[in-house]
$ cat work_10.csv   # CSV, C-alpha atoms
chain,number,residue,atom,x,y,z
G,1,MET,CA,43.8,44.1,-11.4
G,2,ASN,CA,44.8,42.7,-14.7
G,3,PRO,CA,45.3,45.2,-17.5
G,4,PRO,CA,42.7,45.2,-20.2
G,5,PRO,CA,43.5,43.1,-23.3
G,6,ASP,CA,44.9,45.9,-25.4
G,7,SER,CA,46.6,47.7,-22.6
G,8,PRO,CA,50.0,49.3,-23.6
G,9,ARG,CA,51.4,48.2,-20.2
G,10,PRO,CA,53.8,45.3,-20.5
G,11,ARG,CA,52.1,42.1,-19.7
G,12,PRO,CA,52.7,41.0,-16.1
G,13,GLY,CA,54.4,38.1,-17.6
G,14,GLY,CA,56.8,38.0,-20.4
G,15,ARG,CA,59.9,35.9,-20.4
G,16,THR,CA,60.5,35.9,-16.7
G,17,ALA,CA,57.0,34.8,-15.9
G,18,ARG,CA,57.2,32.2,-18.7
G,19,ILE,CA,60.4,30.7,-17.2
G,20,ARG,CA,58.8,30.6,-13.8
G,21,ASP,CA,55.7,28.8,-15.2
G,22,GLN,CA,57.9,26.2,-16.9
G,23,VAL,CA,60.1,25.7,-13.9
G,24,LEU,CA,57.2,25.3,-11.4
G,25,GLU,CA,55.4,23.0,-13.7
G,26,ALA,CA,58.6,20.8,-13.8
G,27,VAL,CA,58.8,20.9,-10.0
G,28,ARG,CA,55.2,19.7,-9.7
G,29,ALA,CA,55.7,17.0,-12.2
G,30,GLU,CA,59.0,15.8,-10.7
G,31,LEU,CA,57.5,15.9,-7.2
G,32,THR,CA,54.4,13.8,-8.0
G,33,GLU,CA,56.3,11.4,-10.2
G,34,HIS,CA,59.6,10.9,-8.3
G,35,GLY,CA,59.1,12.5,-4.9
G,36,TYR,CA,61.1,14.9,-2.9
G,37,ASP,CA,64.3,12.8,-2.7
G,38,ALA,CA,64.8,13.0,-6.4
G,39,LEU,CA,64.1,16.7,-6.6
G,40,THR,CA,67.2,18.7,-7.6
G,41,VAL,CA,67.8,21.9,-9.4
G,42,ASP,CA,69.4,19.9,-12.2
G,43,THR,CA,66.5,17.5,-12.8
G,44,VAL,CA,64.1,20.4,-12.7
G,45,ALA,CA,66.1,22.6,-15.1
G,46,ALA,CA,66.4,19.7,-17.5
G,47,ARG,CA,62.7,19.0,-17.5
G,48,ALA,CA,61.8,22.6,-17.8
G,49,GLY,CA,64.2,23.2,-20.6
G,50,VAL,CA,65.8,26.1,-18.7
G,51,HIS,CA,69.5,26.7,-18.1
G,52,ARG,CA,70.5,25.3,-14.8
G,53,THR,CA,72.3,28.5,-13.8
G,54,THR,CA,69.0,30.4,-14.2
G,55,VAL,CA,67.3,28.0,-11.9
G,56,TYR,CA,70.2,28.1,-9.3
G,57,ARG,CA,70.3,31.8,-9.4
G,58,ARG,CA,66.6,32.3,-8.9
G,59,TRP,CA,65.5,29.3,-6.7
G,60,ARG,CA,68.9,28.2,-5.1
G,61,ASP,CA,67.8,24.6,-4.2
G,62,ALA,CA,64.9,22.1,-3.8
G,63,GLY,CA,63.6,24.1,-0.8
G,64,GLY,CA,63.4,27.3,-2.8
G,65,LEU,CA,61.6,25.5,-5.7
G,66,ILE,CA,59.0,23.9,-3.4
G,67,THR,CA,58.5,27.2,-1.6
G,68,ASP,CA,57.8,28.9,-4.9
G,69,VAL,CA,55.3,26.2,-5.9
G,70,VAL,CA,53.4,26.9,-2.7
G,71,ASP,CA,53.6,30.6,-3.1
G,72,ALA,CA,52.3,30.3,-6.7
G,73,ALA,CA,49.3,28.5,-5.3
G,74,SER,CA,48.7,31.4,-2.9
G,75,ASP,CA,48.8,33.9,-5.8
G,76,ILE,CA,45.7,32.3,-7.4
G,77,ASP,CA,42.7,34.6,-6.9
G,78,TRP,CA,40.7,32.1,-4.9
G,79,HIS,CA,37.4,32.8,-3.1
G,80,PRO,CA,35.1,30.4,-1.4
G,81,ARG,CA,31.8,29.8,-3.2
G,82,ASP,CA,28.6,31.4,-2.1
G,83,THR,CA,26.0,28.6,-2.2
G,84,GLY,CA,23.4,30.5,-0.1
G,85,SER,CA,23.8,28.6,3.2
G,86,LEU,CA,26.4,27.9,5.8
G,87,PRO,CA,26.3,24.1,5.5
G,88,GLY,CA,26.4,24.6,1.7
G,89,ASP,CA,29.3,26.9,1.7
G,90,LEU,CA,31.3,24.6,4.1
G,91,THR,CA,30.4,21.6,1.9
G,92,ALA,CA,31.7,23.4,-1.2
G,93,LEU,CA,34.9,24.2,0.7
G,94,ASN,CA,35.3,20.6,1.8
G,95,GLN,CA,34.6,19.3,-1.7
G,96,GLU,CA,37.4,21.4,-3.1
G,97,ILE,CA,39.8,20.1,-0.4
G,98,GLN,CA,38.7,16.5,-1.1
G,99,ASP,CA,39.1,17.0,-4.8
G,100,SER,CA,42.6,18.5,-4.5
G,101,LEU,CA,43.7,15.7,-2.2
G,102,LEU,CA,42.3,12.9,-4.3
G,103,GLU,CA,43.3,14.1,-7.8
G,104,LYS,CA,46.0,11.9,-9.4
G,105,PRO,CA,48.6,13.1,-9.1
G,106,SER,CA,47.8,15.4,-6.1
G,107,ILE,CA,50.2,18.2,-5.8
G,108,ALA,CA,48.4,19.1,-2.5
G,109,ALA,CA,49.1,15.7,-1.0
G,110,ALA,CA,52.7,15.8,-2.3
G,111,LEU,CA,53.3,19.2,-0.7
G,112,ILE,CA,51.9,18.0,2.6
G,113,ALA,CA,54.3,15.0,2.5
G,114,VAL,CA,57.2,17.3,1.7
G,115,SER,CA,56.3,19.6,4.7
G,116,PHE,CA,57.5,16.7,7.0
G,117,ARG,CA,60.9,16.8,5.3
G,118,SER,CA,61.7,20.5,4.8
G,119,GLU,CA,61.1,23.2,7.4
G,120,GLU,CA,61.1,25.7,4.5
G,121,ALA,CA,58.3,23.8,2.8
G,122,ALA,CA,56.4,23.6,6.1
G,123,ARG,CA,56.6,27.3,6.5
G,124,ALA,CA,55.4,28.0,3.0
G,125,LEU,CA,52.4,25.6,3.4
G,126,ARG,CA,51.6,27.2,6.7
G,127,ARG,CA,51.5,30.6,5.0
G,128,LEU,CA,49.3,29.2,2.2
G,129,TRP,CA,46.8,27.7,4.7
G,130,GLU,CA,46.8,30.8,6.8
G,131,GLY,CA,45.8,32.8,3.8
G,132,ARG,CA,43.1,30.3,2.8
G,133,TYR,CA,41.6,30.3,6.2
G,134,VAL,CA,41.6,34.1,6.3
G,135,GLN,CA,39.9,34.2,2.8
G,136,SER,CA,37.4,31.6,4.1
G,137,GLU,CA,36.2,33.8,7.0
G,138,ILE,CA,33.7,35.4,4.5
G,139,VAL,CA,31.8,32.1,4.8
G,140,VAL,CA,31.1,32.8,8.4
G,141,GLU,CA,30.4,36.5,7.8
G,142,ARG,CA,27.8,35.6,5.2
G,143,ALA,CA,26.2,33.1,7.6
G,144,VAL,CA,26.0,35.9,10.2
G,145,ARG,CA,24.4,38.3,7.7
G,146,ARG,CA,21.9,35.6,6.7
G,147,GLY,CA,21.0,35.1,10.3
G,148,GLU,CA,22.3,31.5,10.4
G,149,LEU,CA,24.8,32.3,13.1
G,150,THR,CA,24.8,34.7,16.0
G,151,PRO,CA,28.1,36.5,16.8
G,152,PRO,CA,30.5,36.4,18.4
G,153,ILE,CA,31.8,33.4,16.5
G,154,ASP,CA,35.5,32.3,16.3
G,155,ALA,CA,35.5,31.9,12.5
G,156,ARG,CA,38.9,30.1,12.5
G,157,ALA,CA,37.7,27.5,15.0
G,158,LEU,CA,34.5,26.8,13.0
G,159,LEU,CA,36.4,26.6,9.7
G,160,ILE,CA,39.0,24.1,11.2
G,161,ALA,CA,36.2,22.0,12.7
G,162,ALA,CA,34.6,21.8,9.3
G,163,THR,CA,37.7,21.0,7.3
G,164,ALA,CA,39.9,19.0,9.7
G,165,PRO,CA,38.0,15.7,9.3
G,166,LEU,CA,38.8,15.8,5.5
G,167,TYR,CA,42.5,16.2,6.1
G,168,HIS,CA,42.4,13.7,9.0
G,169,GLN,CA,40.7,10.9,7.0
G,170,LEU,CA,42.4,11.5,3.6
G,171,VAL,CA,45.9,12.5,4.7
G,172,LEU,CA,46.6,10.9,8.1
G,173,LEU,CA,44.2,7.9,8.4
G,174,ARG,CA,44.3,7.4,4.6
G,175,THR,CA,40.7,6.0,4.6
G,176,PRO,CA,39.1,5.3,1.2
G,177,PRO,CA,37.4,8.4,-0.1
G,178,ASP,CA,33.9,8.9,1.1
G,179,PRO,CA,31.7,11.0,-1.2
G,180,GLN,CA,29.5,11.9,1.9
G,181,LEU,CA,32.4,13.2,4.0
G,182,PRO,CA,32.5,16.8,2.7
G,183,GLY,CA,28.8,17.3,3.4
G,184,ARG,CA,28.8,15.4,6.7
G,185,ALA,CA,31.8,17.2,8.2
G,186,ALA,CA,30.3,20.5,7.0
G,187,ALA,CA,26.9,19.7,8.5
G,188,GLY,CA,28.5,18.7,11.9
G,189,ALA,CA,30.5,21.9,12.2
G,190,ALA,CA,27.5,24.1,11.1
G,191,LEU,CA,25.2,22.4,13.7
G,192,ALA,CA,27.9,22.8,16.4
G,193,ALA,CA,28.2,26.5,15.5
G,194,GLN,CA,24.4,27.0,15.6
G,195,SER,CA,24.3,25.3,19.0
G,196,GLY,CA,26.8,27.7,20.5
G,197,ALA,CA,30.2,26.2,19.9
G,198,PHE,CA,33.1,28.3,18.6
G,199,THR,CA,32.0,31.4,20.5
G,200,ASP,CA,34.8,33.2,22.3
G,201,SER,CA,33.1,32.1,25.5
G,202,ALA,CA,33.1,28.4,24.5
G,203,PRO,CA,32.8,26.3,27.6
G,204,ASP,CA,36.1,25.2,29.2
G,205,LEU,CA,35.7,21.6,30.2
A,206,MET,CA,44.5,-13.6,28.8
A,207,ASN,CA,47.7,-13.4,30.8
A,208,PRO,CA,48.7,-16.4,32.8
A,209,PRO,CA,48.2,-16.1,36.6
A,210,PRO,CA,51.2,-15.0,38.6
A,211,ASP,CA,52.4,-18.5,39.6
A,212,SER,CA,51.6,-20.1,36.3
A,213,PRO,CA,54.2,-22.7,35.2
A,214,ARG,CA,54.0,-21.3,31.7
A,215,PRO,CA,57.1,-19.3,30.7
A,216,ARG,CA,56.8,-15.6,31.4
A,217,PRO,CA,55.6,-13.7,28.3
A,218,GLY,CA,58.9,-11.9,28.5
A,219,GLY,CA,62.3,-13.4,29.1
A,220,ARG,CA,65.2,-12.9,26.8
A,221,THR,CA,63.3,-12.5,23.5
A,222,ALA,CA,61.0,-9.8,25.0
A,223,ARG,CA,64.0,-8.0,26.6
A,224,ILE,CA,65.8,-7.9,23.2
A,225,ARG,CA,62.6,-6.5,21.6
A,226,ASP,CA,62.3,-3.8,24.3
A,227,GLN,CA,66.0,-2.8,23.8
A,228,VAL,CA,65.7,-2.7,20.0
A,229,LEU,CA,62.4,-0.8,19.9
A,230,GLU,CA,63.7,1.7,22.5
A,231,ALA,CA,66.8,2.2,20.2
A,232,VAL,CA,64.5,2.7,17.2
A,233,ARG,CA,62.5,5.3,19.0
A,234,ALA,CA,65.6,7.1,20.1
A,235,GLU,CA,67.2,7.0,16.7
A,236,LEU,CA,64.0,8.1,15.0
A,237,THR,CA,63.4,11.2,17.2
A,238,GLU,CA,67.1,12.2,17.3
A,239,HIS,CA,68.2,11.5,13.7
A,240,GLY,CA,65.1,10.9,11.7
A,241,TYR,CA,64.0,8.2,9.3
A,242,ASP,CA,66.8,8.7,6.8
A,243,ALA,CA,69.4,7.7,9.3
A,244,LEU,CA,67.5,4.7,10.6
A,245,THR,CA,69.3,1.4,9.7
A,246,VAL,CA,69.4,-2.0,11.2
A,247,ASP,CA,73.1,-1.4,11.9
A,248,THR,CA,72.7,1.9,13.9
A,249,VAL,CA,69.8,0.4,15.8
A,250,ALA,CA,71.7,-2.8,16.6
A,251,ALA,CA,74.7,-0.8,17.8
A,252,ARG,CA,72.6,1.5,20.0
A,253,ALA,CA,70.6,-1.4,21.4
A,254,GLY,CA,73.7,-3.5,22.1
A,255,VAL,CA,72.2,-6.4,20.2
A,256,HIS,CA,74.0,-8.4,17.5
A,257,ARG,CA,73.1,-7.1,14.0
A,258,THR,CA,72.2,-10.5,12.7
A,259,THR,CA,69.6,-10.8,15.4
A,260,VAL,CA,68.0,-7.6,14.3
A,261,TYR,CA,68.2,-8.5,10.6
A,262,ARG,CA,66.7,-11.9,11.2
A,263,ARG,CA,63.8,-10.6,13.3
A,264,TRP,CA,63.1,-7.1,11.8
A,265,ARG,CA,64.7,-7.3,8.3
A,266,ASP,CA,64.9,-3.5,7.7
A,267,ALA,CA,63.9,0.0,8.8
A,268,GLY,CA,60.3,-0.6,7.7
A,269,GLY,CA,60.1,-3.7,9.8
A,270,LEU,CA,61.6,-1.9,12.8
A,271,ILE,CA,59.1,1.0,12.5
A,272,THR,CA,56.2,-1.4,12.1
A,273,ASP,CA,57.1,-3.1,15.3
A,274,VAL,CA,57.3,0.2,17.2
A,275,VAL,CA,53.8,1.0,16.1
A,276,ASP,CA,52.6,-2.5,16.8
A,277,ALA,CA,54.1,-2.3,20.3
A,278,ALA,CA,52.1,0.8,20.9
A,279,SER,CA,49.0,-1.1,19.9
A,280,ASP,CA,49.8,-3.8,22.5
A,281,ILE,CA,49.4,-1.3,25.3
A,282,ASP,CA,46.2,-2.0,27.3
A,283,TRP,CA,44.7,1.4,26.6
A,284,HIS,CA,41.2,2.6,27.5
A,285,PRO,CA,39.7,6.0,27.2
A,286,ARG,CA,39.0,7.7,30.6
A,287,ASP,CA,35.5,7.8,32.1
A,288,THR,CA,35.1,11.4,33.3
A,289,GLY,CA,31.3,11.2,33.7
A,290,SER,CA,30.3,13.2,30.7
A,291,LEU,CA,30.6,13.1,26.9
A,292,PRO,CA,32.4,16.5,26.6
A,293,GLY,CA,34.7,15.5,29.5
A,294,ASP,CA,35.5,12.1,27.9
A,295,LEU,CA,36.3,13.7,24.6
A,296,THR,CA,38.4,16.4,26.2
A,297,ALA,CA,40.4,13.7,28.1
A,298,LEU,CA,40.9,11.9,24.8
A,299,ASN,CA,42.1,15.1,23.1
A,300,GLN,CA,44.3,16.0,26.0
A,301,GLU,CA,46.1,12.6,25.6
A,302,ILE,CA,46.5,13.3,21.8
A,303,GLN,CA,47.8,16.8,22.4
A,304,ASP,CA,50.3,15.6,25.0
A,305,SER,CA,51.6,12.8,22.8
A,306,LEU,CA,52.1,15.2,19.9
A,307,LEU,CA,53.8,17.9,22.0
A,308,GLU,CA,56.1,15.8,24.2
A,309,LYS,CA,59.7,16.3,23.3
A,310,PRO,CA,60.7,14.2,21.6
A,311,SER,CA,57.3,13.0,20.3
A,312,ILE,CA,57.4,9.5,18.9
A,313,ALA,CA,53.8,10.0,17.7
A,314,ALA,CA,54.8,13.0,15.6
A,315,ALA,CA,57.9,11.1,14.3
A,316,LEU,CA,55.8,8.1,13.3
A,317,ILE,CA,53.3,10.4,11.4
A,318,ALA,CA,56.2,11.9,9.6
A,319,VAL,CA,57.6,8.5,8.7
A,320,SER,CA,54.2,7.4,7.4
A,321,PHE,CA,54.7,9.8,4.5
A,322,ARG,CA,57.9,7.9,3.6
A,323,SER,CA,57.1,4.3,4.1
A,324,GLU,CA,53.9,2.6,3.0
A,325,GLU,CA,54.7,-0.1,5.5
A,326,ALA,CA,54.8,2.5,8.3
A,327,ALA,CA,51.6,4.1,7.0
A,328,ARG,CA,49.8,0.7,7.1
A,329,ALA,CA,51.0,0.1,10.7
A,330,LEU,CA,49.9,3.5,11.8
A,331,ARG,CA,46.5,3.0,10.2
A,332,ARG,CA,46.1,-0.3,12.1
A,333,LEU,CA,47.0,1.5,15.4
A,334,TRP,CA,44.5,4.3,14.8
A,335,GLU,CA,41.8,1.9,13.7
A,336,GLY,CA,42.3,0.1,17.0
A,337,ARG,CA,42.2,3.3,19.0
A,338,TYR,CA,39.1,4.5,17.4
A,339,VAL,CA,37.4,1.1,18.0
A,340,GLN,CA,38.5,1.3,21.6
A,341,SER,CA,37.2,4.8,21.9
A,342,GLU,CA,33.6,3.9,20.8
A,343,ILE,CA,32.9,3.1,24.5
A,344,VAL,CA,32.9,6.9,25.0
A,345,VAL,CA,29.9,7.2,22.7
A,346,GLU,CA,28.2,4.1,24.3
A,347,ARG,CA,28.6,5.6,27.7
A,348,ALA,CA,27.1,8.9,26.5
A,349,VAL,CA,24.1,7.0,25.1
A,350,ARG,CA,23.7,5.2,28.5
A,351,ARG,CA,23.9,8.5,30.4
A,352,GLY,CA,21.2,9.9,28.1
A,353,GLU,CA,23.5,12.5,26.6
A,354,LEU,CA,23.1,11.1,23.1
A,355,THR,CA,20.2,9.5,21.3
A,356,PRO,CA,21.0,6.6,19.0
A,357,PRO,CA,21.6,6.0,16.2
A,358,ILE,CA,25.0,7.7,16.3
A,359,ASP,CA,27.9,7.2,13.9
A,360,ALA,CA,30.5,6.8,16.7
A,361,ARG,CA,33.5,7.0,14.3
A,362,ALA,CA,32.3,10.2,12.7
A,363,LEU,CA,31.8,11.8,16.1
A,364,LEU,CA,35.2,10.7,17.4
A,365,ILE,CA,36.9,12.0,14.2
A,366,ALA,CA,35.1,15.3,14.4
A,367,ALA,CA,36.3,15.6,18.1
A,368,THR,CA,39.9,14.6,17.5
A,369,ALA,CA,40.7,15.8,13.9
A,370,PRO,CA,41.2,19.5,14.9
A,371,LEU,CA,44.0,18.5,17.2
A,372,TYR,CA,45.9,16.6,14.5
A,373,HIS,CA,45.1,19.3,12.0
A,374,GLN,CA,46.4,22.2,14.1
A,375,LEU,CA,49.4,20.4,15.6
A,376,VAL,CA,50.6,18.2,12.8
A,377,LEU,CA,49.5,19.9,9.6
A,378,LEU,CA,49.1,23.6,10.4
A,379,ARG,CA,51.7,23.4,13.1
A,380,THR,CA,50.1,26.2,15.1
A,381,PRO,CA,51.5,26.9,18.5
A,382,PRO,CA,49.9,24.6,21.1
A,383,ASP,CA,46.6,26.0,22.5
A,384,PRO,CA,45.7,24.7,26.0
A,385,GLN,CA,42.1,25.4,25.2
A,386,LEU,CA,42.0,23.3,22.0
A,387,PRO,CA,41.3,19.8,23.5
A,388,GLY,CA,38.3,21.1,25.4
A,389,ARG,CA,37.0,23.3,22.6
A,390,ALA,CA,37.3,20.7,19.9
A,391,ALA,CA,35.6,18.2,22.3
A,392,ALA,CA,32.8,20.6,23.1
A,393,GLY,CA,32.1,21.4,19.5
A,394,ALA,CA,31.8,17.7,18.5
A,395,ALA,CA,29.6,17.0,21.6
A,396,LEU,CA,27.3,19.9,20.7
A,397,ALA,CA,27.1,18.8,17.1
A,398,ALA,CA,26.2,15.2,18.2
A,399,GLN,CA,23.6,16.5,20.6
A,400,SER,CA,22.1,18.6,17.8
A,401,GLY,CA,21.6,15.6,15.5
A,402,ALA,CA,24.9,15.4,13.6
A,403,PHE,CA,26.6,12.0,13.1
A,404,THR,CA,23.4,10.1,12.8
A,405,ASP,CA,23.2,7.5,10.1
A,406,SER,CA,20.7,9.8,8.5
A,407,ALA,CA,22.9,12.9,8.6
A,408,PRO,CA,21.6,15.5,6.1
A,409,ASP,CA,23.2,15.2,2.6
A,410,LEU,CA,23.9,18.8,1.6
$ encode --input "work_10.csv" --output "structure tokens"
Amino acid sequence: MNPPPDSPRPRPGGRTARIRDQVLEAVRAELTEHGYDALTVDTVAARAGVHRTTVYRRWRDAGGLITDVVDAASDIDWHPRDTGSLPGDLTALNQEIQDSLLEKPSIAAALIAVSFRSEEAARALRRLWEGRYVQSEIVVERAVRRGELTPPIDARALLIAATAPLYHQLVLLRTPPDPQLPGRAAAGAALAAQSGAFTDSAPDL
Amino acid sequence: MNPPPDSPRPRPGGRTARIRDQVLEAVRAELTEHGYDALTVDTVAARAGVHRTTVYRRWRDAGGLITDVVDAASDIDWHPRDTGSLPGDLTALNQEIQDSLLEKPSIAAALIAVSFRSEEAARALRRLWEGRYVQSEIVVERAVRRGELTPPIDARALLIAATAPLYHQLVLLRTPPDPQLPGRAAAGAALAAQSGAFTDSAPDL
């Protein structure tokens, strides 16, 4: 979708995009260094080196800034890796989640924390996750094509079963990172799916 | 461990316990109505009808009050239900989690939110969950005794796989409550365990 390098079309960027990059980078830095309470249009504008009226006009307030940080993450052309097997694909997905939650500073962890403060941020994060889970359904489609799974499979339920333990342990239980966790959570969900869980006719207990 | 009914020992209650009950009830009410930002020793003391110096002396600050609310929850003599089967026991566990997160107001949801603001609250919640997961290991022991599972089983990994989707969907993704979710997440984890997941020799992928 990007124009070729020497395209005469204006770059999908220019001054407006550059200002957005500077502002969102400042939001991420402020958020991970000083937290949501200290996040204001003024501190962000100062850090970004952008006039505060520009920031006010375009992002309005802290909620607008956070929302745009999340939306910028959604814009990234992300696709789950194809490792050749369902447990492998789910492990790769979990590894990405674990890495993003453990990097220092972690903008993912900071945004989750903010989602408990700002309904606007919570909505933006929900949209981001919704998009990621939709994009991840290809993992299940590939497994069906490989013969690893027999349809019908509730792809969302399988993806949540595979990824939820990562969020649970790292974000809620705050247990020390376990390098085995991405693979084990993935293997558990894959085994469950291959044993008949996550079908639309899953047993009601 | 409790004294027999006619024990001459002072009742493990009396004035001190009554004040604690009043204060913690006021903390829970303030927290769910006005949130963590508005929680102060003064507002809690006023709502509880207890002198503020009593609250200061015993709980010091908002962090101390929250910690004691969580610790009071740990004191409850809680045991997972025995329904006669592993999927049934895990479903009952999940149903309790779902109910506690969805009740209005939900003190469980409020405490999770606070854990992103206060390291003290996060530590208290971690202790509470740690205790609950230890108490829940009986579910796995019963399944082994019934012949539903073959040891060795990593009970904690199985319990987290069963319960994490509830927290993920209700707390992080904030999806609308799904009455099927407790049973489906339980069934998925039980199937995975019966297919060889959560053993100490789980495959490294």
$ residues_around --input "work_10.csv" --residues "Ala190 of chain G" --least-positions-apart "3" --cutoff "7 Å" --atoms "only C-alpha atoms" --output "ChimeraX atom specification"
/G:86-87,186-187,193-194
$ write_last_selection --input "work_10.csv" --atoms "C-alpha atoms" --output "short mmCIF file (atom, residue, chain, number, x, y, z; two decimals), in the coordinates of the input"
data_model
loop_
_atom_site.label_atom_id
_atom_site.label_comp_id
_atom_site.auth_asym_id
_atom_site.auth_seq_id
_atom_site.Cartn_x
_atom_site.Cartn_y
_atom_site.Cartn_z
CA LEU G 86 26.40 27.90 5.80
CA PRO G 87 26.30 24.10 5.50
CA ALA G 186 30.30 20.50 7.00
CA ALA G 187 26.90 19.70 8.50
CA ALA G 193 28.20 26.50 15.50
CA GLN G 194 24.40 27.00 15.60
#
$ interface_residues --input "work_10.csv" --of "chain G" --to "chain A" --cutoff "9 Å" --atoms "only C-alpha atoms" --output "NGL selection string"
:G and (87-88 or 91 or 112-117 or 122 or 125-126 or 129-130 or 157-158 or 160-169 or 172-175 or 180 or 182-198 or 202-205)
$ atom_distance --input "work_10.csv" --atom1 "atom CA of Glu238 of chain A" --atom2 "atom CA of Pro310 of chain A"
8.0 Å
$ closest_residue --input "work_10.csv" --among "A:Val255, A:Leu236, A:Val228, A:Ala243" --to "Leu316 of chain A" --atoms "only C-alpha atoms"
A:Leu236
$ residues_near_point --input "work_10.csv" --point "(46.1, 12.6, 19.9)" --cutoff "9 Å" --atoms "only C-alpha atoms" --output "list in words"
Leu298, Asn299, Gln300, Glu301, Ile302, Gln303, Asp304, Ser305, Leu306, Ala313, Thr368, Ala369, Leu371 and Tyr372 of chain A
$ atom_distance --input "work_10.csv" --atom1 "atom CA of Tyr338 of chain A" --atom2 "atom CA of Asp287 of chain A"
15.5 Å
$ atom_distance --input "work_10.csv" --atom1 "atom CA of Trp264 of chain A" --atom2 "atom CA of Val246 of chain A"
8.1 Å
$ residues_around --input "work_10.csv" --residues "Ala143 of chain G" --least-positions-apart "4" --cutoff "9 Å" --atoms "all atoms listed in the file" --output "PyMOL selection string"
chain G and resi 84-86+138-139+147-150
$ closest_residue --input "work_10.csv" --among "A:Arg263, A:Arg347, A:Arg257, A:His239" --to "Arg225 of chain A" --atoms "only C-alpha atoms"
A:Arg263
$ residues_around --input "work_10.csv" --residues "Ala253 of chain A" --least-positions-apart "2" --cutoff "8 Å" --atoms "only C-alpha atoms" --output "mmCIF file with C-alpha atoms, keeping the file's coordinate frame"
data_model
loop_
_atom_site.group_PDB
_atom_site.id
_atom_site.type_symbol
_atom_site.label_atom_id
_atom_site.label_comp_id
_atom_site.auth_asym_id
_atom_site.auth_seq_id
_atom_site.Cartn_x
_atom_site.Cartn_y
_atom_site.Cartn_z
ATOM 1 C CA GLN A 227 66.000 -2.800 23.800
ATOM 2 C CA VAL A 228 65.700 -2.700 20.000
ATOM 3 C CA GLU A 230 63.700 1.700 22.500
ATOM 4 C CA ALA A 231 66.800 2.200 20.200
ATOM 5 C CA VAL A 249 69.800 0.400 15.800
ATOM 6 C CA ALA A 250 71.700 -2.800 16.600
ATOM 7 C CA ALA A 251 74.700 -0.800 17.800
ATOM 8 C CA VAL A 255 72.200 -6.400 20.200
#
$ build_atoms --input "work_10.csv" --residues "segment 289-293 of chain A" --atoms "all heavy atoms" --output "compact mmCIF listing (two decimals), in the frame of the given file"
# COMPACT_ATOMS: atom_id res chain seq x y z
N GLY A 289 32.70 10.97 33.29
CA GLY A 289 31.30 11.20 33.70
C GLY A 289 30.48 12.01 32.75
O GLY A 289 29.27 12.15 32.96
N SER A 290 31.08 12.51 31.69
CA SER A 290 30.30 13.20 30.70
C SER A 290 30.92 13.07 29.30
O SER A 290 32.13 12.84 29.20
CB SER A 290 30.15 14.71 31.01
OG SER A 290 31.33 15.40 30.64
N LEU A 291 30.12 13.23 28.26
CA LEU A 291 30.60 13.10 26.90
C LEU A 291 31.69 14.19 26.60
O LEU A 291 32.79 13.86 26.14
CB LEU A 291 29.49 13.18 25.88
CG LEU A 291 29.90 13.20 24.41
CD1 LEU A 291 30.62 11.92 24.01
CD2 LEU A 291 28.68 13.43 23.51
N PRO A 292 31.39 15.47 26.86
CA PRO A 292 32.40 16.50 26.60
C PRO A 292 33.70 16.21 27.39
O PRO A 292 34.82 16.41 26.91
CB PRO A 292 31.79 17.81 26.97
CG PRO A 292 30.33 17.56 27.03
CD PRO A 292 30.15 16.10 27.33
N GLY A 293 33.52 15.77 28.62
CA GLY A 293 34.70 15.50 29.50
C GLY A 293 35.50 14.32 28.93
O GLY A 293 36.74 14.39 28.88
